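Pasting work.cif here (mmCIF, C-alpha atoms and all ligand atoms):
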data_query
#
loop_
_atom_site.label_atom_id
_atom_site.label_comp_id
_atom_site.auth_asym_id
_atom_site.auth_seq_id
_atom_site.Cartn_x
_atom_site.Cartn_y
_atom_site.Cartn_z
CA MET P 331 126.55 122.88 166.77
CA THR P 332 124.42 125.70 168.14
CA TYR P 333 120.91 124.81 169.28
CA ILE P 334 118.16 127.26 170.08
CA VAL P 335 116.03 125.67 172.80
CA THR P 336 112.77 127.51 173.38
CA GLY P 337 110.89 127.18 176.67
CA GLY P 338 114.10 126.09 178.40
CA ALA P 339 113.14 127.69 181.72
CA GLY P 340 110.18 125.31 182.00
CA PHE P 341 109.97 121.72 183.14
CA ILE P 342 111.01 119.59 180.16
CA GLY P 343 113.04 122.27 178.37
CA SER P 344 115.31 122.76 181.39
CA ASN P 345 115.82 119.03 181.80
CA PHE P 346 116.65 118.87 178.09
CA ILE P 347 119.27 121.62 178.47
CA PHE P 348 120.90 119.77 181.39
CA TYR P 349 120.85 116.53 179.40
CA MET P 350 122.35 118.12 176.27
CA ARG P 351 125.08 119.92 178.21
CA SER P 352 126.24 116.62 179.62
CA ALA P 353 125.65 114.44 176.51
CA HIS P 354 127.14 116.93 173.99
CA PRO P 355 129.50 119.17 175.97
CA ASP P 356 130.97 120.82 172.85
CA ASP P 357 127.61 122.01 171.56
CA ARG P 358 126.25 125.43 172.41
CA ILE P 359 122.74 126.01 173.74
CA VAL P 360 120.86 129.28 173.42
CA CYS P 361 117.75 129.20 175.58
CA LEU P 362 114.94 131.50 174.46
CA ASP P 363 112.15 131.87 177.01
CA LYS P 364 109.50 134.48 177.76
CA LEU P 365 109.56 133.60 181.49
CA THR P 366 105.81 133.27 181.86
CA TYR P 367 104.41 132.09 185.20
CA ALA P 368 105.74 128.61 184.22
CA GLY P 369 109.30 129.70 183.47
CA ASN P 370 111.82 130.07 186.28
CA LEU P 371 115.32 131.45 185.85
CA SER P 372 116.33 129.85 189.15
CA THR P 373 115.87 126.48 187.44
CA LEU P 374 118.75 127.33 185.10
CA LYS P 375 121.15 128.68 187.70
CA SER P 376 123.56 125.72 187.36
CA VAL P 377 124.19 126.53 183.66
CA MET P 378 123.98 130.34 183.73
CA ASP P 379 127.78 130.78 183.92
CA ASP P 380 128.50 127.95 181.47
CA PRO P 381 130.32 129.46 178.43
CA HIS P 382 128.41 127.06 176.15
CA PHE P 383 125.08 128.43 177.38
CA ARG P 384 123.22 131.67 176.82
CA PHE P 385 119.82 132.73 178.15
CA VAL P 386 117.66 135.21 176.22
CA LYS P 387 114.34 136.48 177.57
CA LEU P 388 112.10 136.59 174.52
CA ASP P 389 108.57 135.74 173.38
CA ILE P 390 108.45 133.26 170.48
CA CYS P 391 105.60 135.40 169.06
CA ASP P 392 107.93 138.43 168.86
CA ARG P 393 108.89 138.12 165.20
CA GLU P 394 111.43 140.96 165.18
CA GLY P 395 113.14 139.71 168.31
CA VAL P 396 113.23 136.12 167.08
CA TYR P 397 114.65 137.10 163.68
CA ALA P 398 117.33 139.26 165.34
CA LEU P 399 118.36 136.34 167.56
CA PHE P 400 118.57 133.94 164.60
CA GLU P 401 120.66 136.45 162.65
CA GLU P 402 123.02 136.83 165.57
CA GLU P 403 123.28 133.19 166.66
CA LYS P 404 123.03 131.39 163.29
CA PRO P 405 121.66 128.23 164.92
CA ASP P 406 122.05 124.77 163.37
CA ALA P 407 118.79 123.55 164.89
CA VAL P 408 115.78 124.72 166.90
CA ILE P 409 113.95 122.59 169.45
CA ASN P 410 110.62 124.13 170.39
CA PHE P 411 109.44 123.38 173.92
CA ALA P 412 107.88 126.82 174.46
CA ALA P 413 104.16 126.49 175.04
CA GLU P 414 101.28 127.14 177.30
CA SER P 415 101.07 123.63 178.66
CA HIS P 416 98.32 123.31 181.28
CA VAL P 417 94.98 121.86 180.16
CA ASP P 418 93.01 123.44 183.04
CA ARG P 419 94.30 126.93 182.19
CA SER P 420 93.37 126.37 178.53
CA ILE P 421 89.80 125.66 179.59
CA GLU P 422 89.70 128.99 181.46
CA ASN P 423 91.50 131.08 178.82
CA PRO P 424 92.11 129.51 175.40
CA SER P 425 93.41 132.57 173.53
CA ILE P 426 96.98 132.67 174.91
CA PHE P 427 97.26 128.97 173.94
CA LEU P 428 96.47 129.81 170.33
CA GLU P 429 98.92 132.72 170.38
CA THR P 430 101.91 130.92 171.84
CA ASN P 431 101.35 127.38 170.63
CA ILE P 432 100.28 128.12 167.05
CA ILE P 433 101.45 131.64 166.14
CA GLY P 434 104.69 131.21 168.08
CA THR P 435 105.44 127.97 166.24
CA SER P 436 104.90 129.69 162.89
CA VAL P 437 107.25 132.57 163.82
CA LEU P 438 110.01 130.12 164.77
CA MET P 439 109.58 128.16 161.55
CA ASP P 440 109.56 131.35 159.46
CA ALA P 441 112.87 132.24 161.10
CA CYS P 442 114.17 128.76 160.23
CA ARG P 443 113.15 129.28 156.58
CA ILE P 444 114.57 132.76 156.27
CA PHE P 445 117.90 132.13 157.97
CA GLY P 446 118.94 129.07 155.96
CA ASN P 447 116.54 126.14 156.05
CA ILE P 448 117.40 125.40 159.67
CA ARG P 449 116.54 122.02 161.22
CA TYR P 450 113.37 122.33 163.33
CA HIS P 451 112.01 119.97 165.97
CA GLN P 452 108.53 120.38 167.43
CA VAL P 453 107.90 118.99 170.91
CA SER P 454 104.30 117.84 170.77
CA THR P 455 102.05 115.67 172.90
CA ASP P 456 100.02 112.46 172.88
CA GLU P 457 96.99 114.63 173.68
CA VAL P 458 96.64 115.45 169.97
CA TYR P 459 95.22 111.94 169.52
CA GLY P 460 92.36 112.55 171.97
CA ASP P 461 91.67 109.71 174.37
CA LEU P 462 91.09 105.96 174.47
CA PRO P 463 88.29 104.08 176.25
CA LEU P 464 89.10 102.37 179.56
CA ASP P 465 87.53 99.09 178.40
CA ARG P 466 89.89 98.67 175.41
CA PRO P 467 93.34 98.10 176.95
CA ASP P 468 94.42 96.64 173.59
CA LEU P 469 94.27 100.09 171.92
CA PHE P 470 97.28 102.44 171.75
CA PHE P 471 98.11 105.69 169.93
CA THR P 472 100.34 105.10 166.91
CA GLU P 473 101.65 107.83 164.61
CA GLU P 474 98.78 106.94 162.26
CA THR P 475 96.05 107.48 164.87
CA PRO P 476 93.86 110.35 163.63
CA ILE P 477 94.16 113.74 165.33
CA HIS P 478 91.08 114.08 167.54
CA THR P 479 91.53 116.71 170.23
CA SER P 480 89.52 117.42 173.39
CA SER P 481 90.79 120.64 175.00
CA PRO P 482 91.86 124.06 173.73
CA TYR P 483 95.39 123.06 174.80
CA SER P 484 95.49 119.86 172.76
CA SER P 485 93.79 121.59 169.81
CA SER P 486 96.44 124.30 169.81
CA LYS P 487 99.20 121.66 169.88
CA ALA P 488 97.50 119.78 167.04
CA GLY P 489 97.21 123.01 165.04
CA ALA P 490 100.92 123.58 165.50
CA ASP P 491 101.72 120.00 164.40
CA LEU P 492 99.71 120.45 161.19
CA LEU P 493 101.56 123.69 160.51
CA VAL P 494 104.93 121.97 161.04
CA LEU P 495 104.05 119.28 158.48
CA ALA P 496 102.78 121.97 156.09
CA TYR P 497 106.12 123.85 156.33
CA LYS P 498 107.88 120.62 155.36
CA ARG P 499 105.65 120.06 152.33
CA THR P 500 105.34 123.68 151.20
CA TYR P 501 108.82 125.05 151.93
CA GLY P 502 110.87 121.87 152.34
CA LEU P 503 111.77 122.85 155.92
CA PRO P 504 113.65 119.95 157.59
CA VAL P 505 111.27 119.22 160.45
CA THR P 506 110.48 116.42 162.88
CA ILE P 507 107.75 116.11 165.51
CA SER P 508 107.74 114.04 168.70
CA ARG P 509 104.54 113.27 170.60
CA CYS P 510 105.19 112.24 174.16
CA SER P 511 103.02 110.98 176.99
CA ASN P 512 102.89 112.56 180.48
CA ASN P 513 106.31 113.41 181.92
CA TYR P 514 107.31 113.54 185.58
CA GLY P 515 110.55 114.45 187.35
CA PRO P 516 112.48 117.44 188.77
CA TYR P 517 111.37 121.04 188.07
CA HIS P 518 107.78 120.01 187.21
CA PHE P 519 105.59 123.07 187.84
CA PRO P 520 103.34 122.51 190.88
CA GLU P 521 100.08 123.07 188.99
CA LYS P 522 100.43 119.56 187.47
CA LEU P 523 99.18 116.38 189.14
CA ILE P 524 102.34 114.82 190.60
CA PRO P 525 104.10 117.90 192.04
CA LEU P 526 100.78 119.36 193.21
CA MET P 527 99.98 116.20 195.16
CA ILE P 528 103.50 115.94 196.63
CA ILE P 529 103.46 119.56 197.83
CA ASN P 530 99.88 119.41 199.18
CA CYS P 531 100.75 116.18 201.00
CA LEU P 532 103.77 117.82 202.60
CA HIS P 533 101.46 120.59 203.88
CA ASP P 534 98.73 118.12 204.98
CA LYS P 535 96.39 119.90 202.55
CA PRO P 536 93.49 118.18 200.71
CA LEU P 537 94.51 116.24 197.59
CA PRO P 538 92.03 117.30 194.87
CA VAL P 539 91.37 114.30 192.62
CA TYR P 540 89.17 115.17 189.64
CA GLY P 541 86.07 112.97 189.50
CA GLU P 542 86.69 109.40 190.60
CA GLY P 543 90.36 109.50 189.64
CA LEU P 544 90.02 106.59 187.23
CA ASN P 545 91.57 108.46 184.29
CA VAL P 546 94.73 106.81 183.03
CA ARG P 547 97.97 108.54 182.00
CA ASP P 548 101.11 106.92 180.55
CA TRP P 549 103.94 108.32 182.72
CA LEU P 550 107.52 108.75 181.47
CA TYR P 551 110.53 110.00 183.41
CA VAL P 552 111.55 113.35 181.92
CA GLU P 553 115.15 112.34 181.16
CA ASP P 554 113.91 109.45 179.01
CA HIS P 555 111.91 111.98 177.01
CA CYS P 556 114.99 114.21 176.62
CA LYS P 557 117.08 111.28 175.34
CA ALA P 558 114.38 110.43 172.82
CA ILE P 559 114.29 114.01 171.49
CA ASP P 560 118.08 114.01 171.15
CA LEU P 561 117.88 110.78 169.12
CA VAL P 562 115.17 112.20 166.85
CA LEU P 563 117.28 115.32 166.38
CA GLN P 564 120.42 113.37 165.46
CA LYS P 565 118.96 110.40 163.57
CA GLY P 566 115.25 110.93 162.97
CA ARG P 567 113.91 110.94 159.44
CA ILE P 568 112.94 114.40 158.18
CA GLY P 569 109.19 114.98 157.95
CA GLU P 570 108.40 112.16 160.39
CA VAL P 571 106.41 112.02 163.61
CA TYR P 572 107.73 109.89 166.50
CA ASN P 573 105.59 108.82 169.45
CA ILE P 574 107.40 108.62 172.80
CA GLY P 575 106.05 106.66 175.77
CA GLY P 576 107.09 103.93 178.14
CA HIS P 577 104.04 101.65 178.49
CA ASN P 578 103.54 102.84 182.04
CA GLU P 579 99.82 103.40 182.45
CA MET P 580 98.56 104.45 185.87
CA ARG P 581 95.21 105.64 187.20
CA ASN P 582 95.32 109.09 188.83
CA ILE P 583 93.93 107.74 192.08
CA ASP P 584 96.70 105.13 192.29
CA ILE P 585 99.38 107.79 191.75
CA VAL P 586 97.91 109.90 194.55
CA ARG P 587 97.69 106.90 196.89
CA LEU P 588 101.29 106.02 196.11
CA ILE P 589 102.43 109.58 196.93
CA CYS P 590 100.53 109.39 200.26
CA ALA P 591 102.23 106.09 201.07
CA GLU P 592 105.73 107.34 200.17
CA LEU P 593 105.26 110.45 202.32
CA HIS P 594 103.56 108.52 205.18
CA LYS P 595 100.42 110.64 204.89
CA PRO P 596 96.84 109.36 205.35
CA GLU P 597 94.66 108.70 202.30
CA SER P 598 91.95 110.65 204.10
CA LEU P 599 93.62 113.74 202.56
CA ILE P 600 92.23 112.63 199.19
CA THR P 601 89.25 114.81 198.22
CA HIS P 602 87.23 114.05 195.11
CA VAL P 603 86.38 117.31 193.34
CA THR P 604 84.36 118.28 190.26
CA ASP P 605 85.78 116.69 187.16
CA ARG P 606 87.73 118.58 184.47
CA LYS P 607 85.51 119.61 181.52
CA GLY P 608 86.03 117.26 178.56
CA HIS P 609 88.43 115.16 180.68
CA ASP P 610 90.35 112.64 178.55
CA MET P 611 89.93 109.12 179.92
CA ARG P 612 93.07 107.27 178.88
CA TYR P 613 96.31 108.04 177.06
CA ALA P 614 98.55 105.17 175.93
CA ILE P 615 101.44 105.46 173.48
CA ASP P 616 102.72 102.76 171.15
CA PRO P 617 106.46 103.59 170.93
CA THR P 618 107.30 100.85 168.39
CA LYS P 619 108.44 103.27 165.67
CA ILE P 620 111.05 105.14 167.74
CA HIS P 621 112.24 101.84 169.19
CA ASN P 622 112.61 100.09 165.82
CA GLU P 623 114.03 103.06 163.90
CA LEU P 624 116.17 104.80 166.52
CA GLY P 625 116.68 102.13 169.19
CA TRP P 626 115.05 104.22 171.94
CA LEU P 627 113.75 102.52 175.07
CA PRO P 628 112.81 104.13 178.39
CA GLU P 629 115.47 103.53 181.05
CA THR P 630 113.82 104.66 184.30
CA LYS P 631 111.30 102.34 185.92
CA PHE P 632 108.33 104.21 187.40
CA GLU P 633 108.89 102.85 190.93
CA ASN P 634 112.41 104.33 190.91
CA GLY P 635 111.53 107.51 189.01
CA ILE P 636 108.69 108.46 191.33
CA ARG P 637 110.84 107.89 194.44
CA GLN P 638 113.63 110.01 192.90
CA THR P 639 111.08 112.69 192.07
CA ILE P 640 109.59 112.77 195.56
CA ALA P 641 113.12 112.90 197.03
CA TRP P 642 113.91 115.80 194.69
CA TYR P 643 110.89 117.80 195.91
CA LEU P 644 111.86 117.07 199.51
CA SER P 645 115.37 118.43 198.94
CA HIS P 646 114.38 121.40 196.73
CA GLU P 647 111.83 123.18 198.87
CA ASP P 648 113.61 126.47 198.10
CA TRP P 649 112.69 126.01 194.40
CA TRP P 650 108.99 125.27 194.83
CA SER P 651 108.23 127.32 197.94
CA GLU P 652 109.15 130.46 196.04
CA ILE P 653 106.79 129.48 193.20
CA ILE P 654 103.82 128.62 195.37
CA SER P 655 104.20 131.75 197.50
CA GLY P 656 103.31 134.18 194.70
CA GLU P 657 100.67 134.29 191.97
CA TYR P 658 100.19 130.54 192.38
CA GLN P 659 98.07 131.16 195.49
CA ASN P 660 95.54 133.15 193.42
CA TYR P 661 95.57 130.45 190.75
CA TYR P 662 94.93 127.77 193.35
CA GLN P 663 92.10 129.74 194.88
CA VAL P 664 90.39 130.31 191.51
CA MET P 665 90.81 126.72 190.31
CA TYR P 666 90.13 124.77 193.48
CA ALA P 667 87.97 126.84 195.86
CA ASN P 668 84.38 125.55 195.82
CA ARG P 669 85.27 122.90 193.25
P1 LIG W 1 106.09 124.25 181.07
O1 LIG W 1 104.78 124.94 181.14
O2 LIG W 1 106.71 123.71 182.31
O3 LIG W 1 107.17 125.23 180.40
C1 LIG W 1 106.87 126.03 179.31
C2 LIG W 1 108.00 127.04 179.12
O4 LIG W 1 107.72 127.80 177.94
C3 LIG W 1 108.14 128.04 180.28
O5 LIG W 1 109.49 128.22 180.61
C4 LIG W 1 107.55 129.32 179.71
O6 LIG W 1 108.12 130.50 180.28
C5 LIG W 1 107.90 129.18 178.24
N1 LIG W 1 107.00 129.95 177.37
C6 LIG W 1 105.64 129.98 177.40
N2 LIG W 1 105.19 130.83 176.47
C7 LIG W 1 106.26 131.33 175.82
C8 LIG W 1 106.43 132.23 174.75
N3 LIG W 1 105.38 132.82 174.15
N4 LIG W 1 107.69 132.51 174.32
C9 LIG W 1 108.76 131.93 174.92
N5 LIG W 1 108.65 131.09 175.95
C10 LIG W 1 107.43 130.77 176.39
O7 LIG W 1 105.89 123.10 179.99
P2 LIG W 1 106.52 121.64 179.92
O8 LIG W 1 105.70 120.71 180.73
O9 LIG W 1 107.97 121.73 180.13
O10 LIG W 1 106.25 121.29 178.39
C11 LIG W 1 107.20 121.63 177.38
C12 LIG W 1 106.66 121.18 176.04
O11 LIG W 1 106.43 119.77 176.06
C13 LIG W 1 105.33 121.82 175.67
O12 LIG W 1 105.35 122.10 174.30
C14 LIG W 1 104.29 120.73 175.97
O13 LIG W 1 103.19 120.85 175.10
C15 LIG W 1 105.10 119.48 175.67
N6 LIG W 1 104.69 118.26 176.40
C16 LIG W 1 104.62 118.28 177.78
C17 LIG W 1 104.32 117.09 178.45
C18 LIG W 1 104.25 117.04 179.96
O14 LIG W 1 103.90 115.99 180.52
N7 LIG W 1 104.59 118.11 180.68
C19 LIG W 1 104.09 115.91 177.74
C20 LIG W 1 104.17 115.94 176.33
C21 LIG W 1 104.49 117.12 175.69
O1 LIG W 2 94.62 118.72 190.77
C1 LIG W 2 94.57 117.85 189.88
N1 LIG W 2 93.78 116.75 190.06
C2 LIG W 2 93.63 115.77 189.14
O2 LIG W 2 92.89 114.80 189.35
C3 LIG W 2 95.31 117.95 188.64
C4 LIG W 2 96.20 119.13 188.38
C5 LIG W 2 95.16 116.94 187.71
N2 LIG W 2 94.33 115.89 187.93
C6 LIG W 2 94.19 114.84 186.89
C7 LIG W 2 93.86 115.35 185.50
C8 LIG W 2 94.56 114.34 184.61
O3 LIG W 2 93.73 113.22 184.39
O4 LIG W 2 95.48 114.23 186.77
C9 LIG W 2 95.77 113.90 185.41
C10 LIG W 2 97.06 114.60 185.01
O5 LIG W 2 96.78 116.00 184.96
P1 LIG W 2 97.88 117.08 184.53
O6 LIG W 2 99.08 116.91 185.41
O7 LIG W 2 97.21 118.40 184.46
O8 LIG W 2 98.33 116.55 183.10
P2 LIG W 2 97.50 116.25 181.74
O9 LIG W 2 96.24 117.01 181.70
O10 LIG W 2 97.44 114.77 181.58
O11 LIG W 2 98.51 116.90 180.66
C11 LIG W 2 99.94 116.70 180.77
O12 LIG W 2 100.38 115.69 179.90
C12 LIG W 2 100.36 115.96 178.53
C13 LIG W 2 100.70 118.00 180.49
O13 LIG W 2 100.25 119.01 181.37
C14 LIG W 2 100.57 118.40 179.06
O14 LIG W 2 101.35 119.57 178.79
C15 LIG W 2 101.05 117.27 178.19
O15 LIG W 2 100.87 117.57 176.83
#
Take the structure from the file and write it as structure tokens.
Amino acid sequence: MTYIVTGGAGFIGSNFIFYMRSAHPDDRIVCLDKLTYAGNLSTLKSVMDDPHFRFVKLDICDREGVYALFEEEKPDAVINFAAESHVDRSIENPSIFLETNIIGTSVLMDACRIFGNIRYHQVSTDEVYGDLPLDRPDLFFTEETPIHTSSPYSSSKAGADLLVLAYKRTYGLPVTISRCSNNYGPYHFPEKLIPLMIINCLHDKPLPVYGEGLNVRDWLYVEDHCKAIDLVLQKGRIGEVYNIGGHNEMRNIDIVRLICAELHKPESLITHVTDRKGHDMRYAIDPTKIHNELGWLPETKFENGIRQTIAWYLSHEDWWSEIISGEYQNYYQVMYANR
């Protein structure tokens, strides 16, 4: 099998490539990535010389380039991780989110149609369901929960999901969609909550918690997500959506306190800053469908996963110090100064 994995130089895509190389060593992976600010070639250095791996720098919106790659590689399946993925950036500049997340998805699916009805998997998010109230812990997102988005990011992901289902109905493209909750683990870009707090803690810098920090996210270790996608790819029913999540709901403030405790830093570093616009209150996935149909269950307990993740950041300073030394400083200044 040859898989085209888009966005493989980012957080989840790279972890997926590592997982697939070890779970299916005979399969070939072609990673297509534009290398935006969020993509890092250094992340992929352990597979760069692997004969079953190829890296191609390409924008998923570049129709000519994408078609040429499909013609050359004749992939059996495409797994689309490529996206603009940060909610805060989408609030500042929505247009690139529409370009990459919607137009890019359509270009990839057109290539799948034209070059032989190729199997297509869309990596989506629980954010397409909007949010749940804090006072209804009995409510969860199922695959039947209506789409009800809050941010330009989640709206662009929802738009892409609708397009994926339309390509199935209109053209008979063999598609699946997975909608996962918040991931954490190695190679998570330091603009996101967990790595940002770990790195700020290590520098004794303020820990900027939006609002009161009572918002709840349902955290899943990235490798559990990768295993779920592999299962959907191998055994999922065509045209179906699968929710992925591990029933691990945590308040932001508790995550930040836990990071302080693990790193032996004082909670006085915590600084409450202006809340995110349109901030979703609670995400919580009901993973019954993927469990019943495909036998998936999360394997990593949060208490172990977060310790492993913190240990990873401690031992990979070379990876993140390079990232935060460049353009990231401007980003941080714009997003957090005077907040
Ligand atoms: P990320 O921002 O870390 O990585 C995105 C990757 O896509 C980068 O390597 C970037 O260079 C690449 N990319 C961006 N635009 C591109 C383009 N036009 N053409 C080609 N490549 C491009 O994102 P992530 O956190 O790894 O998320 C991957 C996918 O999973 C996204 O689709 C996201 O919506 C989804 N998702 C993420 C989470 C999470 O918690 N991080 C949860 C659920 C779903
Ligand atoms: O500095 C911060 N302070 C803070 O309080 C940051 C960066 C975040 N937060 C809060 C906002 C959220 O409630 O932490 C929570 C998590 O924030 P993010 O890490 O930005 O993730 P989130 O907005 O929940 O979205 C993530 O999960 C779903 C991914 O970035 C998306 O790509 C995915 O679809």
Show me which residues line ligand LIG 2 (chain W), defined as having an atom within 6 Å of a ligand atom where all atoms listed in the file count, and present them as a list in words.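 Going residue by residue within 6 Å of ligand LIG 2 (chain W), we get Ser415, His416, Val417, Thr455, Glu457, Ser511, Asn512, Glu521, Lys522, Leu523, Pro538, Val539, Tyr540, Gly543, Asn545 and Asn582 of chain P.
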Residues within 8 Å of ligand LIG 1 (chain W), counting all atoms listed in the file, as a PDB file with C-alpha atoms, in the coordinates of the input:
ATOM      1  CA  THR P 336     112.770 127.510 173.380  1.00  0.00           C
ATOM      2  CA  GLY P 337     110.890 127.180 176.670  1.00  0.00           C
ATOM      3  CA  GLY P 338     114.100 126.090 178.400  1.00  0.00           C
ATOM      4  CA  ALA P 339     113.140 127.690 181.720  1.00  0.00           C
ATOM      5  CA  GLY P 340     110.180 125.310 182.000  1.00  0.00           C
ATOM      6  CA  PHE P 341     109.970 121.720 183.140  1.00  0.00           C
ATOM      7  CA  ILE P 342     111.010 119.590 180.160  1.00  0.00           C
ATOM      8  CA  GLY P 343     113.040 122.270 178.370  1.00  0.00           C
ATOM      9  CA  SER P 344     115.310 122.760 181.390  1.00  0.00           C
ATOM     10  CA  LEU P 362     114.940 131.500 174.460  1.00  0.00           C
ATOM     11  CA  ASP P 363     112.150 131.870 177.010  1.00  0.00           C
ATOM     12  CA  LYS P 364     109.500 134.480 177.760  1.00  0.00           C
ATOM     13  CA  LEU P 365     109.560 133.600 181.490  1.00  0.00           C
ATOM     14  CA  THR P 366     105.810 133.270 181.860  1.00  0.00           C
ATOM     15  CA  TYR P 367     104.410 132.090 185.200  1.00  0.00           C
ATOM     16  CA  ALA P 368     105.740 128.610 184.220  1.00  0.00           C
ATOM     17  CA  GLY P 369     109.300 129.700 183.470  1.00  0.00           C
ATOM     18  CA  ASN P 370     111.820 130.070 186.280  1.00  0.00           C
ATOM     19  CA  LYS P 387     114.340 136.480 177.570  1.00  0.00           C
ATOM     20  CA  LEU P 388     112.100 136.590 174.520  1.00  0.00           C
ATOM     21  CA  ASP P 389     108.570 135.740 173.380  1.00  0.00           C
ATOM     22  CA  ILE P 390     108.450 133.260 170.480  1.00  0.00           C
ATOM     23  CA  CYS P 391     105.600 135.400 169.060  1.00  0.00           C
ATOM     24  CA  ASN P 410     110.620 124.130 170.390  1.00  0.00           C
ATOM     25  CA  PHE P 411     109.440 123.380 173.920  1.00  0.00           C
ATOM     26  CA  ALA P 412     107.880 126.820 174.460  1.00  0.00           C
ATOM     27  CA  ALA P 413     104.160 126.490 175.040  1.00  0.00           C
ATOM     28  CA  GLU P 414     101.280 127.140 177.300  1.00  0.00           C
ATOM     29  CA  SER P 415     101.070 123.630 178.660  1.00  0.00           C
ATOM     30  CA  HIS P 416      98.320 123.310 181.280  1.00  0.00           C
ATOM     31  CA  GLU P 429      98.920 132.720 170.380  1.00  0.00           C
ATOM     32  CA  THR P 430     101.910 130.920 171.840  1.00  0.00           C
ATOM     33  CA  ASN P 431     101.350 127.380 170.630  1.00  0.00           C
ATOM     34  CA  GLY P 434     104.690 131.210 168.080  1.00  0.00           C
ATOM     35  CA  GLN P 452     108.530 120.380 167.430  1.00  0.00           C
ATOM     36  CA  VAL P 453     107.900 118.990 170.910  1.00  0.00           C
ATOM     37  CA  SER P 454     104.300 117.840 170.770  1.00  0.00           C
ATOM     38  CA  THR P 455     102.050 115.670 172.900  1.00  0.00           C
ATOM     39  CA  ASP P 456     100.020 112.460 172.880  1.00  0.00           C
ATOM     40  CA  GLU P 457      96.990 114.630 173.680  1.00  0.00           C
ATOM     41  CA  LYS P 487      99.200 121.660 169.880  1.00  0.00           C
ATOM     42  CA  ARG P 509     104.540 113.270 170.600  1.00  0.00           C
ATOM     43  CA  CYS P 510     105.190 112.240 174.160  1.00  0.00           C
ATOM     44  CA  SER P 511     103.020 110.980 176.990  1.00  0.00           C
ATOM     45  CA  ASN P 512     102.890 112.560 180.480  1.00  0.00           C
ATOM     46  CA  ASN P 513     106.310 113.410 181.920  1.00  0.00           C
ATOM     47  CA  TYR P 514     107.310 113.540 185.580  1.00  0.00           C
ATOM     48  CA  TYR P 517     111.370 121.040 188.070  1.00  0.00           C
ATOM     49  CA  HIS P 518     107.780 120.010 187.210  1.00  0.00           C
ATOM     50  CA  PHE P 519     105.590 123.070 187.840  1.00  0.00           C
ATOM     51  CA  TRP P 549     103.940 108.320 182.720  1.00  0.00           C
TER      52      TRP P 549
END
Would you mind reading off the distance between atom CA of P:Asn423 and atom CA of P:Leu371, one decimal, in Å? 24.8 Å
Between atom CA of P:Val552 and atom CA of P:Glu579 lies a distance of 15.4 Å
Which residue of P:Ile640, P:Val586, P:Ile653, P:Ala558 approaches P:Leu624 most closely, using only C-alpha atoms: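 Distance minimum relative to P:Leu624 lands on P:Ala558.
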Would you please work out which residue, of P:Ser651, P:Lys565, P:Arg669, P:Ile600, is nearest to P:Glu623 when using only C-alpha atoms?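 Answer, going by the shortest atom-to-atom distance: P:Lys565.
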Non-local contacts of stretch 442-446 of chain P (7 Å; all atoms listed in the file; under 6 positions in same chain excluded) as JSON, numbers by chain: {"P": [400, 401, 503]}
Written file, previous selection with C-alpha atoms, as a PDB file, keeping the file's coordinate frame:
ATOM      1  CA  PHE P 400     118.570 133.940 164.600  1.00  0.00           C
ATOM      2  CA  GLU P 401     120.660 136.450 162.650  1.00  0.00           C
ATOM      3  CA  LEU P 503     111.770 122.850 155.920  1.00  0.00           C
TER       4      LEU P 503
END
Determine, for each residue of stretch 522-603 of chain P having at least one atom at most 8 Å from an atom of stretch 460-481 of chain P, the closest pair of atoms and their separation in Å to one decimal, counting only C-alpha atoms; order by chain and ascending number, as JSON lines.
{"residue": "P:Val546", "atom": "CA", "partner": "P:Leu464", "partner_atom": "CA", "distance": 8.0}
{"residue": "P:Val571", "atom": "CA", "partner": "P:Glu473", "partner_atom": "CA", "distance": 6.4}
{"residue": "P:Tyr572", "atom": "CA", "partner": "P:Glu473", "partner_atom": "CA", "distance": 6.7}
{"residue": "P:Asn573", "atom": "CA", "partner": "P:Glu473", "partner_atom": "CA", "distance": 6.3}
Show me, as a PyMOL selection string, the residues that have an atom within 10 Å of P:His621 when counting all atoms listed in the file, minus same-chain residues fewer than 4 positions from it. chain P and resi 558+572-574+616-617+625-628
P:Lys595: which residues within 10 Å, counting only C-alpha atoms, same-chain residues fewer than 5 positions away excluded, as an MDAnalysis selection string? chainID P and resid 531:532 534 587:590
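Take the candidates P:Pro536, P:Gly635, P:Pro424, P:Gly515 and check each one against P:Ser486 using all atoms listed in the file; the shortest distance goes to P:Pro424.
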How big is the axis-aligned box around the listed atoms of stretch 645-653 of chain P once 6 Å is added on each side, and where is its centre? Give both in Å to one decimal, as lines of an AutoDock Vina configuration file.
center_x = 111.1
center_y = 124.4
center_z = 196.1
size_x = 20.6
size_y = 24.0
size_z = 17.7
Provide stretch 474-478 of chain P rebuilt to N, CA and C atoms, formatted as a PDB file, in the coordinates of the input.
ATOM      1  N   GLU P 474      99.863 106.875 163.258  1.00  0.00           N
ATOM      2  CA  GLU P 474      98.780 106.940 162.260  1.00  0.00           C
ATOM      3  C   GLU P 474      97.410 107.196 162.883  1.00  0.00           C
ATOM      4  N   THR P 475      97.332 107.196 164.202  1.00  0.00           N
ATOM      5  CA  THR P 475      96.050 107.480 164.870  1.00  0.00           C
ATOM      6  C   THR P 475      95.591 108.884 164.461  1.00  0.00           C
ATOM      7  N   PRO P 476      94.315 109.019 164.053  1.00  0.00           N
ATOM      8  CA  PRO P 476      93.860 110.350 163.630  1.00  0.00           C
ATOM      9  C   PRO P 476      93.929 111.379 164.763  1.00  0.00           C
ATOM     10  N   ILE P 477      94.193 112.624 164.377  1.00  0.00           N
ATOM     11  CA  ILE P 477      94.160 113.740 165.330  1.00  0.00           C
ATOM     12  C   ILE P 477      92.701 113.926 165.752  1.00  0.00           C
ATOM     13  N   HIS P 478      92.471 114.030 167.060  1.00  0.00           N
ATOM     14  CA  HIS P 478      91.080 114.080 167.540  1.00  0.00           C
ATOM     15  C   HIS P 478      91.112 114.714 168.925  1.00  0.00           C
TER      16      HIS P 478
END
